[in-house]
>>> print(open('final_7.cif').read())   # mmCIF, C-alpha atoms and all ligand atoms; chains and numbers go by the auth columns
data_structure
#
loop_
_atom_site.group_PDB
_atom_site.id
_atom_site.type_symbol
_atom_site.label_atom_id
_atom_site.label_comp_id
_atom_site.label_asym_id
_atom_site.label_seq_id
_atom_site.Cartn_x
_atom_site.Cartn_y
_atom_site.Cartn_z
_atom_site.B_iso_or_equiv
_atom_site.auth_seq_id
_atom_site.auth_asym_id
ATOM 1 C CA PHE A 1 0.000 0.000 0.000 0.00 1 A
ATOM 2 C CA ASP A 2 1.023 3.620 -0.466 0.00 2 A
ATOM 3 C CA LEU A 3 2.219 5.583 2.526 0.00 3 A
ATOM 4 C CA PRO A 4 0.431 8.938 2.775 0.00 4 A
ATOM 5 C CA THR A 5 2.767 11.611 1.401 0.00 5 A
ATOM 6 C CA GLN A 6 2.810 15.185 2.612 0.00 6 A
ATOM 7 C CA PRO A 7 1.942 17.865 0.052 0.00 7 A
ATOM 8 C CA SER A 8 4.994 19.714 -1.267 0.00 8 A
ATOM 9 C CA VAL A 9 6.049 22.822 0.683 0.00 9 A
ATOM 10 C CA ALA A 10 5.683 24.797 -2.546 0.00 10 A
ATOM 11 C CA THR A 11 1.891 24.223 -2.475 0.00 11 A
ATOM 12 C CA LEU A 12 1.187 25.169 1.159 0.00 12 A
ATOM 13 C CA ASP A 13 -0.734 28.253 2.277 0.00 13 A
ATOM 14 C CA PHE A 14 0.527 30.352 5.180 0.00 14 A
ATOM 15 C CA SER A 15 -1.107 28.415 7.993 0.00 15 A
ATOM 16 C CA ALA A 16 -0.179 24.999 6.564 0.00 16 A
ATOM 17 C CA LEU A 17 3.372 26.228 6.031 0.00 17 A
ATOM 18 C CA ARG A 18 3.558 27.490 9.613 0.00 18 A
ATOM 19 C CA GLU A 19 2.394 24.073 10.859 0.00 19 A
ATOM 20 C CA ARG A 20 4.854 22.232 8.624 0.00 20 A
ATOM 21 C CA VAL A 21 7.723 24.347 9.955 0.00 21 A
ATOM 22 C CA ALA A 22 6.575 23.882 13.569 0.00 22 A
ATOM 23 C CA SER A 23 6.891 20.107 13.258 0.00 23 A
ATOM 24 C CA CYS A 24 10.009 20.074 11.044 0.00 24 A
ATOM 25 C CA THR A 25 12.703 17.520 11.837 0.00 25 A
ATOM 26 C CA ALA A 26 14.709 17.924 8.623 0.00 26 A
ATOM 27 C CA CYS A 27 17.964 18.734 10.433 0.00 27 A
ATOM 28 C CA GLY A 28 19.539 18.282 13.845 0.00 28 A
ATOM 29 C CA LEU A 29 18.543 21.775 15.052 0.00 29 A
ATOM 30 C CA CYS A 30 15.095 20.388 15.889 0.00 30 A
ATOM 31 C CA GLU A 31 16.559 18.496 18.844 0.00 31 A
ATOM 32 C CA LYS A 32 17.717 21.560 20.768 0.00 32 A
ATOM 33 C CA ARG A 33 15.088 24.176 19.902 0.00 33 A
ATOM 34 C CA THR A 34 12.423 25.386 22.324 0.00 34 A
ATOM 35 C CA GLN A 35 10.227 26.158 19.321 0.00 35 A
ATOM 36 C CA THR A 36 10.541 27.127 15.672 0.00 36 A
ATOM 37 C CA VAL A 37 10.538 30.817 14.762 0.00 37 A
ATOM 38 C CA PHE A 38 8.463 31.173 11.618 0.00 38 A
ATOM 39 C CA GLY A 39 8.043 34.880 10.920 0.00 39 A
ATOM 40 C CA VAL A 40 6.141 37.958 11.981 0.00 40 A
ATOM 41 C CA GLY A 41 4.287 40.818 10.369 0.00 41 A
ATOM 42 C CA ASP A 42 1.998 41.572 7.518 0.00 42 A
ATOM 43 C CA GLU A 43 1.592 38.554 5.240 0.00 43 A
ATOM 44 C CA GLN A 44 0.926 40.899 2.315 0.00 44 A
ATOM 45 C CA ALA A 45 3.767 43.254 3.112 0.00 45 A
ATOM 46 C CA ASP A 46 5.630 45.213 0.460 0.00 46 A
ATOM 47 C CA TRP A 47 8.909 44.800 2.354 0.00 47 A
ATOM 48 C CA MET A 48 10.355 41.517 3.526 0.00 48 A
ATOM 49 C CA ILE A 49 13.251 41.546 5.975 0.00 49 A
ATOM 50 C CA ILE A 50 15.347 38.387 6.097 0.00 50 A
ATOM 51 C CA GLY A 51 17.756 37.687 8.938 0.00 51 A
ATOM 52 C CA GLU A 52 19.948 34.771 9.888 0.00 52 A
ATOM 53 C CA ALA A 53 18.536 32.541 12.608 0.00 53 A
ATOM 54 C CA PRO A 54 16.743 32.763 15.955 0.00 54 A
ATOM 55 C CA GLY A 55 18.876 33.572 18.983 0.00 55 A
ATOM 56 C CA GLU A 56 18.082 32.813 22.590 0.00 56 A
ATOM 57 C CA ASN A 57 15.270 35.371 22.965 0.00 57 A
ATOM 58 C CA GLU A 58 13.664 34.421 19.674 0.00 58 A
ATOM 59 C CA ASP A 59 13.804 30.714 20.556 0.00 59 A
ATOM 60 C CA ARG A 60 12.063 31.477 23.845 0.00 60 A
ATOM 61 C CA LEU A 61 9.404 33.840 22.447 0.00 61 A
ATOM 62 C CA GLY A 62 8.847 32.346 18.993 0.00 62 A
ATOM 63 C CA GLU A 63 9.247 35.667 17.154 0.00 63 A
ATOM 64 C CA PRO A 64 12.167 36.918 15.029 0.00 64 A
ATOM 65 C CA PHE A 65 14.316 39.850 16.137 0.00 65 A
ATOM 66 C CA VAL A 66 12.979 40.389 19.643 0.00 66 A
ATOM 67 C CA GLY A 67 16.370 40.966 21.385 0.00 67 A
ATOM 68 C CA GLN A 68 18.818 43.893 21.239 0.00 68 A
ATOM 69 C CA ALA A 69 19.429 43.439 17.497 0.00 69 A
ATOM 70 C CA GLY A 70 15.661 43.495 17.027 0.00 70 A
ATOM 71 C CA LYS A 71 15.377 46.837 18.809 0.00 71 A
ATOM 72 C CA LEU A 72 17.939 48.293 16.434 0.00 72 A
ATOM 73 C CA LEU A 73 16.068 46.762 13.487 0.00 73 A
ATOM 74 C CA ASP A 74 12.833 48.375 14.727 0.00 74 A
ATOM 75 C CA ASN A 75 14.625 51.744 14.856 0.00 75 A
ATOM 76 C CA MET A 76 16.027 51.233 11.368 0.00 76 A
ATOM 77 C CA LEU A 77 12.557 50.426 10.061 0.00 77 A
ATOM 78 C CA ARG A 78 11.098 53.460 11.807 0.00 78 A
ATOM 79 C CA ALA A 79 13.650 55.623 9.980 0.00 79 A
ATOM 80 C CA VAL A 80 11.971 54.634 6.706 0.00 80 A
ATOM 81 C CA MET A 81 8.496 54.904 8.278 0.00 81 A
ATOM 82 C CA LEU A 82 7.863 51.182 8.619 0.00 82 A
ATOM 83 C CA ASN A 83 7.203 48.982 11.630 0.00 83 A
ATOM 84 C CA ARG A 84 7.158 45.259 12.234 0.00 84 A
ATOM 85 C CA THR A 85 3.389 44.911 12.063 0.00 85 A
ATOM 86 C CA GLN A 86 2.648 47.197 9.124 0.00 86 A
ATOM 87 C CA ASN A 87 3.770 46.587 5.596 0.00 87 A
ATOM 88 C CA VAL A 88 6.756 44.502 6.706 0.00 88 A
ATOM 89 C CA TYR A 89 7.197 40.763 7.034 0.00 89 A
ATOM 90 C CA ILE A 90 10.228 39.527 8.996 0.00 90 A
ATOM 91 C CA ALA A 91 11.661 36.015 8.709 0.00 91 A
ATOM 92 C CA ASN A 92 14.977 34.229 9.057 0.00 92 A
ATOM 93 C CA VAL A 93 16.887 31.913 6.742 0.00 93 A
ATOM 94 C CA ILE A 94 16.914 29.313 9.533 0.00 94 A
ATOM 95 C CA LYS A 95 13.804 28.663 11.610 0.00 95 A
ATOM 96 C CA CYS A 96 15.496 26.980 14.604 0.00 96 A
ATOM 97 C CA ARG A 97 18.133 28.326 16.955 0.00 97 A
ATOM 98 C CA PRO A 98 21.655 27.014 16.332 0.00 98 A
ATOM 99 C CA PRO A 99 23.046 25.919 19.731 0.00 99 A
ATOM 100 C CA GLY A 100 25.081 28.664 21.401 0.00 100 A
ATOM 101 C CA ASN A 101 24.218 30.938 18.454 0.00 101 A
ATOM 102 C CA ARG A 102 26.847 29.277 16.282 0.00 102 A
ATOM 103 C CA ASN A 103 26.766 29.989 12.559 0.00 103 A
ATOM 104 C CA PRO A 104 24.191 28.042 10.554 0.00 104 A
ATOM 105 C CA GLN A 105 25.747 25.147 8.623 0.00 105 A
ATOM 106 C CA PRO A 106 25.301 24.806 4.839 0.00 106 A
ATOM 107 C CA ASP A 107 23.143 21.666 5.202 0.00 107 A
ATOM 108 C CA GLU A 108 20.867 23.424 7.730 0.00 108 A
ATOM 109 C CA ILE A 109 20.456 26.370 5.355 0.00 109 A
ATOM 110 C CA ALA A 110 19.704 24.003 2.463 0.00 110 A
ATOM 111 C CA ARG A 111 17.060 22.041 4.403 0.00 111 A
ATOM 112 C CA CYS A 112 15.322 25.207 5.563 0.00 112 A
ATOM 113 C CA GLU A 113 15.429 26.943 2.185 0.00 113 A
ATOM 114 C CA PRO A 114 12.101 25.631 0.802 0.00 114 A
ATOM 115 C CA TYR A 115 10.308 27.277 3.757 0.00 115 A
ATOM 116 C CA LEU A 116 11.826 30.687 3.102 0.00 116 A
ATOM 117 C CA LYS A 117 11.233 30.330 -0.621 0.00 117 A
ATOM 118 C CA ARG A 118 7.568 29.583 0.022 0.00 118 A
ATOM 119 C CA GLN A 119 7.263 32.495 2.462 0.00 119 A
ATOM 120 C CA VAL A 120 8.605 34.838 -0.226 0.00 120 A
ATOM 121 C CA ALA A 121 6.225 33.349 -2.803 0.00 121 A
ATOM 122 C CA LEU A 122 3.233 33.830 -0.464 0.00 122 A
ATOM 123 C CA VAL A 123 4.099 37.354 0.724 0.00 123 A
ATOM 124 C CA ARG A 124 5.123 38.486 -2.778 0.00 124 A
ATOM 125 C CA PRO A 125 7.063 41.476 -1.423 0.00 125 A
ATOM 126 C CA LYS A 126 8.175 44.295 -3.697 0.00 126 A
ATOM 127 C CA LEU A 127 11.511 44.440 -1.893 0.00 127 A
ATOM 128 C CA ILE A 128 13.682 42.111 0.174 0.00 128 A
ATOM 129 C CA LEU A 129 16.220 43.481 2.640 0.00 129 A
ATOM 130 C CA ALA A 130 18.749 40.745 3.418 0.00 130 A
ATOM 131 C CA LEU A 131 20.514 41.383 6.718 0.00 131 A
ATOM 132 C CA GLY A 132 23.947 39.896 7.223 0.00 132 A
ATOM 133 C CA ARG A 133 26.192 37.440 5.437 0.00 133 A
ATOM 134 C CA PHE A 134 24.065 34.340 5.844 0.00 134 A
ATOM 135 C CA ALA A 135 20.861 35.878 4.544 0.00 135 A
ATOM 136 C CA ALA A 136 22.652 37.551 1.636 0.00 136 A
ATOM 137 C CA GLN A 137 24.665 34.501 0.654 0.00 137 A
ATOM 138 C CA ALA A 138 21.722 32.104 0.980 0.00 138 A
ATOM 139 C CA LEU A 139 19.380 34.240 -1.136 0.00 139 A
ATOM 140 C CA LEU A 140 21.929 35.194 -3.753 0.00 140 A
ATOM 141 C CA LYS A 141 23.692 31.816 -3.889 0.00 141 A
ATOM 142 C CA SER A 142 26.960 33.659 -3.450 0.00 142 A
ATOM 143 C CA ASP A 143 29.946 33.394 -1.172 0.00 143 A
ATOM 144 C CA ALA A 144 30.880 37.048 -1.582 0.00 144 A
ATOM 145 C CA SER A 145 31.247 39.350 1.434 0.00 145 A
ATOM 146 C CA ILE A 146 28.575 41.782 2.565 0.00 146 A
ATOM 147 C CA SER A 147 30.776 44.718 1.638 0.00 147 A
ATOM 148 C CA SER A 148 31.002 43.505 -1.947 0.00 148 A
ATOM 149 C CA LEU A 149 27.272 42.669 -2.205 0.00 149 A
ATOM 150 C CA ARG A 150 25.830 45.841 -0.696 0.00 150 A
ATOM 151 C CA GLY A 151 25.224 49.011 -2.696 0.00 151 A
ATOM 152 C CA ARG A 152 23.466 47.429 -5.667 0.00 152 A
ATOM 153 C CA VAL A 153 20.183 45.728 -6.485 0.00 153 A
ATOM 154 C CA HIS A 154 20.129 41.922 -6.732 0.00 154 A
ATOM 155 C CA GLN A 155 17.187 39.602 -7.481 0.00 155 A
ATOM 156 C CA TYR A 156 15.649 36.632 -5.676 0.00 156 A
ATOM 157 C CA GLU A 157 12.769 34.839 -7.405 0.00 157 A
ATOM 158 C CA GLY A 158 12.032 38.008 -9.347 0.00 158 A
ATOM 159 C CA VAL A 159 12.065 40.258 -6.261 0.00 159 A
ATOM 160 C CA PRO A 160 14.662 43.046 -5.881 0.00 160 A
ATOM 161 C CA VAL A 161 17.081 42.358 -3.014 0.00 161 A
ATOM 162 C CA ILE A 162 19.160 44.897 -1.103 0.00 162 A
ATOM 163 C CA VAL A 163 21.916 43.595 1.149 0.00 163 A
ATOM 164 C CA SER A 164 22.926 45.262 4.389 0.00 164 A
ATOM 165 C CA TYR A 165 24.743 44.590 7.622 0.00 165 A
ATOM 166 C CA HIS A 166 23.143 42.504 10.325 0.00 166 A
ATOM 167 C CA PRO A 167 21.895 44.694 13.202 0.00 167 A
ATOM 168 C CA ALA A 168 23.820 42.536 15.713 0.00 168 A
ATOM 169 C CA TYR A 169 26.983 43.445 13.807 0.00 169 A
ATOM 170 C CA LEU A 170 26.009 47.132 13.773 0.00 170 A
ATOM 171 C CA LEU A 171 25.655 47.038 17.570 0.00 171 A
ATOM 172 C CA ARG A 172 29.328 46.030 17.734 0.00 172 A
ATOM 173 C CA SER A 173 30.554 48.284 14.898 0.00 173 A
ATOM 174 C CA LEU A 174 28.862 51.651 15.248 0.00 174 A
ATOM 175 C CA PRO A 175 30.809 53.337 12.395 0.00 175 A
ATOM 176 C CA GLU A 176 29.101 50.953 9.944 0.00 176 A
ATOM 177 C CA LYS A 177 25.722 52.426 10.875 0.00 177 A
ATOM 178 C CA SER A 178 26.119 55.157 8.269 0.00 178 A
ATOM 179 C CA LYS A 179 26.545 52.472 5.603 0.00 179 A
ATOM 180 C CA ALA A 180 23.413 50.700 6.845 0.00 180 A
ATOM 181 C CA TRP A 181 21.598 54.021 6.545 0.00 181 A
ATOM 182 C CA ALA A 182 22.760 54.305 2.915 0.00 182 A
ATOM 183 C CA ASP A 183 21.505 50.741 2.340 0.00 183 A
ATOM 184 C CA LEU A 184 18.098 51.647 3.744 0.00 184 A
ATOM 185 C CA CYS A 185 17.933 54.669 1.448 0.00 185 A
ATOM 186 C CA LEU A 186 18.789 52.439 -1.526 0.00 186 A
ATOM 187 C CA ALA A 187 16.144 49.960 -0.375 0.00 187 A
ATOM 188 C CA GLN A 188 13.529 52.680 -0.197 0.00 188 A
ATOM 189 C CA ALA A 189 14.461 54.074 -3.610 0.00 189 A
ATOM 190 C CA THR A 190 14.350 50.547 -5.074 0.00 190 A
ATOM 191 C CA PHE A 191 10.983 49.892 -3.483 0.00 191 A
ATOM 192 C CA LEU A 192 9.525 53.166 -4.781 0.00 192 A
ATOM 193 C CA LYS A 193 10.770 52.319 -8.267 0.00 193 A
ATOM 194 C CA ALA A 194 9.357 48.762 -8.085 0.00 194 A
ATOM 195 C CA ALA A 195 6.012 50.054 -6.785 0.00 195 A
ATOM 196 C CA SER A 196 5.603 52.830 -9.372 0.00 196 A
HETATM 197 N N1 LIG B . 19.274 37.610 14.526 0.00 201 A
HETATM 198 C C1 LIG B . 18.674 37.134 13.420 0.00 201 A
HETATM 199 O O1 LIG B . 19.269 37.018 12.371 0.00 201 A
HETATM 200 N N2 LIG B . 17.392 36.795 13.500 0.00 201 A
HETATM 201 C C2 LIG B . 16.678 36.912 14.619 0.00 201 A
HETATM 202 O O2 LIG B . 15.505 36.588 14.592 0.00 201 A
HETATM 203 C C3 LIG B . 17.329 37.422 15.760 0.00 201 A
HETATM 204 C C4 LIG B . 18.624 37.754 15.697 0.00 201 A
#
>>> encode(input="final_7.cif", output="structure tokens")
Amino acid sequence: FDLPTQPSVATLDFSALRERVASCTACGLCEKRTQTVFGVGDEQADWMIIGEAPGENEDRLGEPFVGQAGKLLDNMLRAVMLNRTQNVYIANVIKCRPPGNRNPQPDEIARCEPYLKRQVALVRPKLILALGRFAAQALLKSDASISSLRGRVHQYEGVPVIVSYHPAYLLRSLPEKSKAWADLCLAQATFLKAAS
């Protein structure tokens, strides 16, 4: 007899996708997580913000960017008149916390990728802001540095992508904040162009 097969991730709606992620055991991160961190915000947002992976606070609360880096992200969004519940959807490349906040491994990124791809397909943002090396490299299938990827418009699944520094990095490297500000300005200009 045939075993029941699960429908492909690429066919799921938002709530089915959220459930699929919540019960995911595709990589070893599932063993140590408190819970998965799916995403937050407006599911029809024009802007999608993509970070790296949940940290300790996110793992505990189930929402992306709720710690110190998240506060800086909220301030950055406010600077371009956005906030995390209106016209923005925030998700990570990896939905489970890597133990001790170590870097995500290539196989973990690969196993989680269909979820992010489906989130982008469902939200259909007009702009993606990729924060940090892991988000940028995963979306753009590149191993280039942030400094070489920022400052121009890339594409992911037909959506314009702007790359910037991760807010956790900006908290440690304040002089880079002016570059992040330039990235936000480029993101806004790109969005306005895409929306016009
Ligand atoms: N850093 C990230 O990349 N994502 C989060 O959700 C929190 C911190």
>>> resolve_selection(input="final_7.cif", expression="the PyMOL selection byres (((chain A and resi 129) around 6) and not hetatm)", output="NGL selection string")
:A and (49 or 128 or 130 or 161-163)
>>> closest_residue(input="final_7.cif", among="A:Asn75, A:Ser178, A:Ser145, A:Asn101", to="ligand LIG 201 (chain A)", atoms="all atoms listed in the file")
A:Asn101
>>> residues_around(input="final_7.cif", residues="stretch 2-14 of chain A", least_positions_apart="3", cutoff="10 Å", atoms="only C-alpha atoms", output="list in words")
Leu17, Arg18, Glu19, Arg20, Val21, Glu43, Pro114, Tyr115, Lys117, Arg118, Gln119, Ala121, Leu122 and Val123 of chain A
>>> resolve_selection(input="final_7.cif", expression="the PyMOL selection byres (((not hetatm)) within 8 of (chain A and resi 201))", output="list in words")
Val37, Ile50, Gly51, Glu52, Ala53, Pro54, Gly55, Asn57, Glu58, Glu63, Pro64, Phe65, Val66, Gly67, Ala69, Gly70, Ala91, Asn92, Val93, Leu131, Gly132, His166, Pro167 and Ala168 of chain A
>>> write_last_selection(input="final_7.cif", atoms="C-alpha atoms", output="JSON list (two decimals), in the frame of the given file")
[["chain", "number", "residue", "atom", "x", "y", "z"],
["A", 37, "VAL", "CA", 10.54, 30.82, 14.76],
["A", 50, "ILE", "CA", 15.35, 38.39, 6.10],
["A", 51, "GLY", "CA", 17.76, 37.69, 8.94],
["A", 52, "GLU", "CA", 19.95, 34.77, 9.89],
["A", 53, "ALA", "CA", 18.54, 32.54, 12.61],
["A", 54, "PRO", "CA", 16.74, 32.76, 15.96],
["A", 55, "GLY", "CA", 18.88, 33.57, 18.98],
["A", 57, "ASN", "CA", 15.27, 35.37, 22.96],
["A", 58, "GLU", "CA", 13.66, 34.42, 19.67],
["A", 63, "GLU", "CA", 9.25, 35.67, 17.15],
["A", 64, "PRO", "CA", 12.17, 36.92, 15.03],
["A", 65, "PHE", "CA", 14.32, 39.85, 16.14],
["A", 66, "VAL", "CA", 12.98, 40.39, 19.64],
["A", 67, "GLY", "CA", 16.37, 40.97, 21.38],
["A", 69, "ALA", "CA", 19.43, 43.44, 17.50],
["A", 70, "GLY", "CA", 15.66, 43.50, 17.03],
["A", 91, "ALA", "CA", 11.66, 36.02, 8.71],
["A", 92, "ASN", "CA", 14.98, 34.23, 9.06],
["A", 93, "VAL", "CA", 16.89, 31.91, 6.74],
["A", 131, "LEU", "CA", 20.51, 41.38, 6.72],
["A", 132, "GLY", "CA", 23.95, 39.90, 7.22],
["A", 166, "HIS", "CA", 23.14, 42.50, 10.32],
["A", 167, "PRO", "CA", 21.90, 44.69, 13.20],
["A", 168, "ALA", "CA", 23.82, 42.54, 15.71]]
>>> residues_around(input="final_7.cif", residues="A:Cys112", least_positions_apart="2", cutoff="8 Å", atoms="all atoms listed in the file", output="mmCIF file with C-alpha atoms, in the coordinates of the input")
data_model
loop_
_atom_site.group_PDB
_atom_site.id
_atom_site.type_symbol
_atom_site.label_atom_id
_atom_site.label_comp_id
_atom_site.auth_asym_id
_atom_site.auth_seq_id
_atom_site.Cartn_x
_atom_site.Cartn_y
_atom_site.Cartn_z
ATOM 1 C CA ALA A 26 14.709 17.924 8.623
ATOM 2 C CA VAL A 93 16.887 31.913 6.742
ATOM 3 C CA ILE A 94 16.914 29.313 9.533
ATOM 4 C CA LYS A 95 13.804 28.663 11.610
ATOM 5 C CA GLU A 108 20.867 23.424 7.730
ATOM 6 C CA ILE A 109 20.456 26.370 5.355
ATOM 7 C CA ALA A 110 19.704 24.003 2.463
ATOM 8 C CA PRO A 114 12.101 25.631 0.802
ATOM 9 C CA TYR A 115 10.308 27.277 3.757
ATOM 10 C CA LEU A 116 11.826 30.687 3.102
#
>>> atom_distance(input="final_7.cif", atom1="atom CA of A:Pro160", atom2="atom CA of A:Cys27")
29.5 Å
>>> resolve_selection(input="final_7.cif", expression="the PyMOL selection byres (((chain A and resi 87-89) around 10) and not hetatm)", output="MDAnalysis selection string")
chainID A and resid 39:50 77 81:86 90:91 119:120 123 125 127:128
